[in-house]
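Peer 1: The structure's right below; bear with me while I get my questions together.
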Amino acid sequence: MSQQEHTAYTYLRPTKKFPNVWCAGCGIGIVMGALIRAIDKIGLPKDDVALVSGIGCTGRMPVYMDFNTIHTTHGRALAFATGLKLARPSLKVIAIMGDGDAVAIGGNHFIHAARRNIGICSIVVNNSIYGMTGGQYSPTTPIGGRATTAPYGNIEPSMPICELAIAAGAAYAARSTVYHAVELERYIEQAIRKDGFSLVEAVSYCHTTYGRLNKLGTPVDMMRQLKENSVSINAVDKLTPEEMGTKIVRGVLHNIDKPEYTAVYDQLIARVQGSQGGA
Amino acid sequence: MTDVPAAQAAATTESKPAAKKGPRGQVTVFGNWCKGCGICVAFCPTGVLALDTDDRPIVVQAEKCTACHWCDTHCPDLAIIVKKIEN
Amino acid sequence: MTVKLMQGNEAVAWGAIAAGCRFYAGYPITPSTEIAEMLSRELPKVGGKFIQMEDEIASLAACIGASVGGLKSMTATSGPGFSLMMEHVGYAAMTEVPVVVVDVQRLGPSTGQPTSASQGDVMQARWGTHGDHPIIALSPTSVTQSFDLTIKAFNYSEKYRTPVILLLDEVVGHMREKFNMPDFETVECVERIAASVPPEWYKPYGDSFSDVPPMASFGDGYRYHITGLFHDPMGYPTQRLDEIDAWIERVHRKVDRNLQDIILYEEDGLDSNQTVVVSYGASARSARHAVKLARQRRTKVGLLTLITIWPFAEDLIARIAHTAKRIVVPEMNLGQLALEVERVAGRNKVVRVNRANGEMVSPQMILEAIEGR
């Protein structure tokens with residue numbers, strides 16, 4: 001049968017072992033599918049795409065895809081990506097991080113990359129837990145949620161990932177969930193097309209650790225919870241605070257045009273070389 | 001060999017009857033890549049799929065597939081694809 | 001060639017430009033800051049990129065990212081920043097990405113005394129990052145050597161696909177000396193071996209050519225995977241013992257089989273002497289003077305200046321230990337290189353001359369050790 005409708009497979013590494021490493025039903029694989037379809041939609045040549053990831057289950061994503069891929073250290077994907085983007089501004093650099101990787105250990109690099117508005121598209125898969133290491137709480141674990149390092153329930157308020165990036169200077173920030181995979185793909189496409197620091201927060205779940213510790217059920221159950229516990233930004237005004245509760249807000253939260261860092265640096269070089277008398 | 005009548009009985013979705021007209025799709029499952037999470041079966045809007053005795057999805061009502069692509073955009077393993085059937 | 005009065009740090013910056021460095025990411029820290037300031041000024045002039053990152057961890061990460069993107073990259077720091085960079089030194093060693101890390105050593109530990117000198121990071125340069133890994137570290141004793149060794153550092157880094165550490169100290173970094181700066185066109189630069197098979201056949205960590213795999217840059221048509229996990233020749237993560245063992249052997253062989261090329265030193269009167277002074281960095285300046293004074297007093301003494309600190313010149317020291325009655329090791333620390341000398345020559349033969357309070361080891365202290373007082 002023809003694979004024409006399904007070009008996703010042409011973006012997977014034929015030399016890599018499949019099925020992928022994630023648990024059955026994990027949302028990370030869904031984000032990978034959305035990412036591939038977005039890149040395909042835009043029509044980016046594979047050689048022009050670089051994926052830079054951190055450590056954690058989400059960090060395992062790039063190896064499966066046939067692009068320039070680098071799996072770096074915990075929390076530092078954006079720092080590596082900054083160097084790579086400066087060295088090769090024509091590359092489309094996409095950083096792939098989990099919630100802990102991006103805003104716990106990676107928090108500093110997260111806000112500075114956003115501040116610089118450097119042309120990196122960041123995809124943060126937020127499953128509110130440290131899954132790879134067995135279920136410790138993360139900066140986005142809900143208050144009261146149990147984790148292996150929060151046996152009496154987490155007492156820390158959540159880090160607002162999108163809002164943090166926006167406050168720091170990101171040009172684009174959007175949030176969706178792995179239930180809303182088509183919407184997620186659309187936001188990823190917009191984020192990749194954006195010239196500047198763009199962020200897509202892909203809300204997911206970890207049924208293996210957080211789900212089990214908090215009795216939230218199977219991947220199917222947790223997928224259904226994402227659908228029920230999220231609301232589009234357009235509908236927020238129609239809800240009372242009680243109805244809002246702790247619902248996840250989906251939508252494009254921020255989208256402005258501002259100078260991209262590597263372009264500004266190229267202008268600096270031109271200025272410096274110009275004043276040297278045109279070398 | 002999977003037990004199809006039992007699989008039909010085990011279908012967990014609330015099936016909507018497929019519209020008389022409209023697009024149709026053909027489902028293919030790559031069994032080697034599928035980990036049996038059940039997401040495709042649970043969320044298929046028309047009940048095309050059911051789990052077999054190995055917890056793997058099989059097509060039980062092929063004619064009901066409307067090529068909505070819910071399953072292949074939500075499969076974490078890229079183990080299911082839907083091809084729109086051209087009339 | 002132009003004659004200049006130049007600062008050691010300045011010479012490092014010029015050496016980097018001469019070597020083809022076109023990317024610097026760093027964080028200011030005394031006594032290395034002049035290197036960053038100079039390169040922030042000079043790199044844009046040659047089309048290179050400079051960025052001051054938010055911390056030292058990000059600095060070395062950005063350098064590695066830029067190196068993967070094809071640019072020769074360098075960062076410079078001192079003790080506290082060097083400590084922060086350790087994880088990424090290991091990452092560069094594991095992924096075999098060329099990068100140069102300059103450590104202008106200051107008095108530690110901790111914040112220590114930022115404007116005082118030391119040689120206290122010698123062991124850290126070797127073992128600061130976790131796990132077994134080879135490392136190359138060079139230490140200049142003068143402004144001219146600061147220039148020359150920066151170029152050497154880049155060349156070794158590219159040739160062996162390894163991070164290379166340049167160990168200056170506050171004395172050499174901040175001193176000014178007459179320096180004959182060569183025309184950069186005459187400087188010999190080594191480039192990383194380029195991939196030479198069709199992209200579909202490329203194995204980023206294959207060993208079919210030599211122990212050093214050819215390295216393609218991201219964006220050049222070779223799409224491959226880099227990871228800090230143990231990996232197979234394709235770069236994919238592996239837990240197979242045979243693949244892990246193969247990597248360990250090959251990466252150590254990269255350096256161990258090329259000691260002839262990598263170990264640099266200067267010898268002066270080393271034939272069958274009774275006492276030999278083994279020194280490096282700023283201490284070697286005091287040692288040279290002490291040896292001169294000793295010879296004026298008719299004492300037979302030889303001088304070995306180690307320029308390559310790591311890998312340690314084991315065979316050379318073993319040979320010297322044969323005929324030397326005493327080996328004097330002056331250092332601005334409590335005995336770090338001395339540990340290596342003692343390991344090879346035996347503790348009985350080695351006399352340590354140490355100062356770890358920020359002051360240089362004086363020629364007088366070394367002279368007394370030479371004369372057995």
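Ligands are numbered from 1 in the order shown, chains are lettered A, B, ... in the order of the structure tokens, and residues start at 1 in each chain.
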Tell me, as an MDAnalysis selection string, which residues lie within 12 Å of C:Cys21, counting only C-alpha atoms; anything in the same chain fewer than 3 positions away does not count.

Peer 2: (chainID A and resid 87) or (chainID C and resid 12:18 24:25 39 42:44 46:50 63 66:67 70:75 98:100 150:151 153:155 157:158 189:191)

Peer 1: Create the file for the chosen residues now, containing C-alpha atoms and written as an mmCIF file, in the first residue's frame.

Peer 2:
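Contents of selection34.cif, as written:
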```
data_model
loop_
_atom_site.group_PDB
_atom_site.id
_atom_site.type_symbol
_atom_site.label_atom_id
_atom_site.label_comp_id
_atom_site.auth_asym_id
_atom_site.auth_seq_id
_atom_site.Cartn_x
_atom_site.Cartn_y
_atom_site.Cartn_z
ATOM 1 C CA ALA A 87 27.793 28.685 14.678
ATOM 2 C CA VAL C 12 46.217 33.428 24.623
ATOM 3 C CA ALA C 13 43.503 35.423 22.850
ATOM 4 C CA TRP C 14 45.765 36.162 19.877
ATOM 5 C CA GLY C 15 46.906 32.550 19.814
ATOM 6 C CA ALA C 16 43.276 31.482 19.569
ATOM 7 C CA ILE C 17 42.619 33.795 16.631
ATOM 8 C CA ALA C 18 45.807 32.608 14.953
ATOM 9 C CA TYR C 24 34.114 32.019 22.262
ATOM 10 C CA ALA C 25 31.509 31.600 24.955
ATOM 11 C CA LEU C 39 38.030 38.085 22.029
ATOM 12 C CA GLU C 42 38.643 40.705 17.974
ATOM 13 C CA LEU C 43 36.327 37.840 16.993
ATOM 14 C CA PRO C 44 33.714 39.959 15.175
ATOM 15 C CA VAL C 46 37.338 38.127 11.664
ATOM 16 C CA GLY C 47 33.695 37.072 11.369
ATOM 17 C CA GLY C 48 33.807 35.008 14.545
ATOM 18 C CA LYS C 49 31.175 34.863 17.257
ATOM 19 C CA PHE C 50 31.476 35.897 20.891
ATOM 20 C CA CYS C 63 31.424 25.990 22.952
ATOM 21 C CA ALA C 66 29.478 25.559 18.280
ATOM 22 C CA SER C 67 32.225 22.991 17.722
ATOM 23 C CA GLY C 70 31.990 23.340 12.789
ATOM 24 C CA LEU C 71 33.656 26.244 14.583
ATOM 25 C CA LYS C 72 36.867 25.959 16.581
ATOM 26 C CA SER C 73 35.746 27.009 20.041
ATOM 27 C CA MET C 74 37.298 28.098 23.293
ATOM 28 C CA THR C 75 36.371 29.260 26.754
ATOM 29 C CA PRO C 98 37.181 19.322 20.013
ATOM 30 C CA VAL C 99 37.194 22.248 22.427
ATOM 31 C CA VAL C 100 39.817 24.269 24.315
ATOM 32 C CA THR C 150 47.093 28.020 22.668
ATOM 33 C CA ILE C 151 47.708 27.096 19.034
ATOM 34 C CA ALA C 153 45.972 23.192 22.274
ATOM 35 C CA PHE C 154 43.662 23.784 19.329
ATOM 36 C CA ASN C 155 45.745 21.536 17.105
ATOM 37 C CA SER C 157 42.040 19.167 20.183
ATOM 38 C CA GLU C 158 41.222 18.900 16.483
ATOM 39 C CA CYS C 189 46.747 24.908 12.036
ATOM 40 C CA VAL C 190 45.427 21.386 12.258
ATOM 41 C CA GLU C 191 41.852 20.707 11.185
#
```

Peer 1: Counting only C-alpha atoms, which residues of stretch 167-259 of chain A fall within 8 Å of stretch 62-85 of chain B, and what is the closest atom pair for each with its distance in Å at one decimal, ordered by chain and rising number, as JSON lines?

Peer 2:
```
{"residue": "A:Val178", "atom": "CA", "partner": "B:His74", "partner_atom": "CA", "distance": 7.5}
{"residue": "A:Tyr179", "atom": "CA", "partner": "B:His74", "partner_atom": "CA", "distance": 7.3}
{"residue": "A:Ala181", "atom": "CA", "partner": "B:Thr73", "partner_atom": "CA", "distance": 6.4}
{"residue": "A:Val182", "atom": "CA", "partner": "B:Thr73", "partner_atom": "CA", "distance": 7.1}
```

Peer 1: Need to verify the contact set: C:Ala61, 10 Å, only C-alpha atoms, exclusion of same-chain residues closer than 3 positions in sequence. Can you return it as a PyMOL selection string?

Peer 2: (chain A and resi 72-73+76-84) or (chain C and resi 25-26+53+56-58+64-67+75+85+87-89+91-92)

Peer 1: Can you work out which one of A:Gly29, A:Pro19, A:Gly59, A:Gly169 has the shortest atom-to-atom distance to chain C, counting only C-alpha atoms?

Peer 2: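 That would be A:Gly59, the residue with the smallest distance to chain C.
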
Peer 1: What are the DSSP strand (DSSP E or B) residues of stretch 163-277 of chain A, as a VMD selection string?

Peer 2: chain A and resid 172 to 177 198 to 203 230 to 232 248 to 255

Peer 1: Within 9 Å of A:Pro142, counting only C-alpha atoms, which residues qualify if same-chain residues fewer than 5 places away don't, as a VMD selection string?

Peer 2: chain A and resid 128 137 153 to 158

Peer 1: Closest to chain A among B:Leu51, B:Glu86, B:Val41, B:Trp33, using only C-alpha atoms?

Peer 2: B:Trp33

Peer 1: Would you give me, as a ChimeraX atom specification, the residues of chain A that come within 9 Å of chain B, using only C-alpha atoms?

Peer 2: /A:1-6,8-9,18-20,22-34,178-182,218-220,223-224

Peer 1: Could the residues in this selection be written to a file with C-alpha atoms, as a compact mmCIF listing (two decimals), in the first residue's frame?

Peer 2:
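Writing done, so here's result26.txt:
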```txt
# COMPACT_ATOMS: atom_id res chain seq x y z
CA MET A 1 0.00 0.00 0.00
CA SER A 2 1.15 3.54 -0.65
CA GLN A 3 2.77 5.42 2.16
CA GLN A 4 2.12 8.78 0.54
CA GLU A 5 -0.17 9.97 3.28
CA HIS A 6 2.30 8.82 5.89
CA ALA A 8 6.37 10.27 8.99
CA TYR A 9 8.35 7.08 8.45
CA PHE A 18 12.09 0.35 17.02
CA PRO A 19 9.65 0.24 18.82
CA ASN A 20 10.77 3.25 20.82
CA TRP A 22 9.04 4.73 26.10
CA CYS A 23 6.40 2.93 28.15
CA ALA A 24 3.29 1.71 26.35
CA GLY A 25 0.94 4.68 26.12
CA CYS A 26 3.48 7.40 26.95
CA GLY A 27 2.68 10.79 25.46
CA ILE A 28 6.27 11.51 24.38
CA GLY A 29 5.81 9.36 21.29
CA ILE A 30 2.73 11.41 20.42
CA VAL A 31 4.77 14.63 20.61
CA MET A 32 7.39 13.05 18.36
CA GLY A 33 4.73 12.26 15.79
CA ALA A 34 3.40 15.81 15.94
CA VAL A 178 -1.03 15.15 23.83
CA TYR A 179 -4.78 14.51 23.68
CA HIS A 180 -5.05 17.52 21.37
CA ALA A 181 -2.38 16.15 19.05
CA VAL A 182 -3.57 17.97 15.94
CA THR A 218 -4.09 3.66 32.64
CA PRO A 219 -2.71 5.72 29.78
CA VAL A 220 -6.24 5.73 28.37
CA MET A 223 -5.42 10.71 28.25
CA ARG A 224 -9.11 11.20 29.02
```

Peer 1: Could you name the residues that touch C:Glu10 at 8 Å or less, counting only C-alpha atoms, but leaving out those on the same chain fewer than 5 positions away, as a PDB file with N, CA and C atoms, in the first residue's frame?

Peer 2:
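The resulting out-v5.pdb:
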```pdb
ATOM      1  N   GLU C  34      40.506  39.058  30.882  1.00  0.00           N
ATOM      2  CA  GLU C  34      41.087  39.765  29.733  1.00  0.00           C
ATOM      3  C   GLU C  34      40.953  38.957  28.451  1.00  0.00           C
ATOM      4  N   ILE C  35      40.987  37.632  28.572  1.00  0.00           N
ATOM      5  CA  ILE C  35      40.850  36.779  27.392  1.00  0.00           C
ATOM      6  C   ILE C  35      39.475  36.999  26.763  1.00  0.00           C
ATOM      7  N   MET C  38      39.224  40.595  25.228  1.00  0.00           N
ATOM      8  CA  MET C  38      39.932  40.723  23.960  1.00  0.00           C
ATOM      9  C   MET C  38      39.191  40.041  22.832  1.00  0.00           C
TER      10      MET C  38
END
```

Peer 1: Extract, using only C-alpha atoms, all DNA, RNA and protein residues at most 10 Å from A:Thr148, discarding same-chain residues fewer than 3 positions from it, and format them as a list of chain:residue names.

Peer 2: A:Ile129, A:Tyr130, A:Thr133, A:Gly134, A:Gly135, A:Gln136, A:Tyr137, A:Pro151, A:Tyr152, A:Gly153, A:Asn154, A:Thr209, A:Tyr210, A:Leu213

Peer 1: Within 9 Å of chain C, which residues of chain A are there when counting only C-alpha atoms? Please give them as a count of residues only.

Peer 2: 44

Peer 1: For the atom pair atom CA of A:Ser204 and atom CA of A:Leu216, what is the interatomic distance in Å to one decimal place?

Peer 2: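 Going from atom CA of A:Ser204 over to atom CA of A:Leu216 covers 13.1 Å.
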
Peer 1: Which residues come within 8 Å of C:Thr141, counting only C-alpha atoms, excluding same-chain residues fewer than 4 positions away, as a list in words?

Peer 2: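 These residues fall inside the cut-off: Gln145, Ser146, Val172, Tyr280, Gly281, Ala282, Ser283, Ala284 and Arg285 of chain C.
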
Peer 1: Write the selection just made, keeping N, CA, C and O atoms, as a JSON list (two decimals), in the first residue's frame?

Peer 2:
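Saved result, selection.json, follows:
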```
[["chain", "number", "residue", "atom", "x", "y", "z"],
["C", 145, "GLN", "N", 55.04, 31.45, 25.19],
["C", 145, "GLN", "CA", 54.47, 30.10, 25.26],
["C", 145, "GLN", "C", 52.96, 30.14, 25.37],
["C", 145, "GLN", "O", 52.28, 29.24, 24.91],
["C", 146, "SER", "N", 52.42, 31.18, 25.99],
["C", 146, "SER", "CA", 50.96, 31.30, 26.09],
["C", 146, "SER", "C", 50.36, 31.35, 24.70],
["C", 146, "SER", "O", 49.33, 30.74, 24.42],
["C", 172, "VAL", "N", 51.56, 34.08, 34.94],
["C", 172, "VAL", "CA", 51.79, 34.07, 33.50],
["C", 172, "VAL", "C", 50.67, 34.81, 32.78],
["C", 172, "VAL", "O", 50.91, 35.51, 31.80],
["C", 280, "TYR", "N", 57.05, 23.44, 36.13],
["C", 280, "TYR", "CA", 56.11, 23.80, 35.07],
["C", 280, "TYR", "C", 55.46, 25.13, 35.42],
["C", 280, "TYR", "O", 55.52, 25.57, 36.59],
["C", 281, "GLY", "N", 54.88, 25.77, 34.42],
["C", 281, "GLY", "CA", 54.15, 27.02, 34.65],
["C", 281, "GLY", "C", 55.03, 28.10, 35.25],
["C", 281, "GLY", "O", 56.24, 28.17, 35.00],
["C", 282, "ALA", "N", 54.43, 28.95, 36.07],
["C", 282, "ALA", "CA", 55.17, 30.07, 36.65],
["C", 282, "ALA", "C", 56.33, 29.57, 37.53],
["C", 282, "ALA", "O", 57.37, 30.23, 37.61],
["C", 283, "SER", "N", 56.15, 28.44, 38.18],
["C", 283, "SER", "CA", 57.21, 27.91, 39.04],
["C", 283, "SER", "C", 58.47, 27.62, 38.25],
["C", 283, "SER", "O", 59.58, 27.68, 38.79],
["C", 284, "ALA", "N", 58.31, 27.30, 36.98],
["C", 284, "ALA", "CA", 59.48, 26.99, 36.15],
["C", 284, "ALA", "C", 60.37, 28.22, 35.96],
["C", 284, "ALA", "O", 61.57, 28.11, 35.72],
["C", 285, "ARG", "N", 59.77, 29.40, 36.08],
["C", 285, "ARG", "CA", 60.56, 30.63, 35.95],
["C", 285, "ARG", "C", 61.49, 30.76, 37.15],
["C", 285, "ARG", "O", 62.68, 31.06, 37.00]]
```

Peer 1: Could you pull out the alpha helix (DSSP H) residues of stretch 25-229 of chain A from DSSP and send them as a PyMOL selection string?

Peer 2: chain A and resi 28-42+77-87+99-103+107-116+161-168+181-193+212-213+219-228

Peer 1: Give the answer as one residue: which of C:Val212, C:Val171, C:Leu367, C:Ala137 has the shortest atom-to-atom distance to C:Lys292, using only C-alpha atoms?

Peer 2: C:Leu367
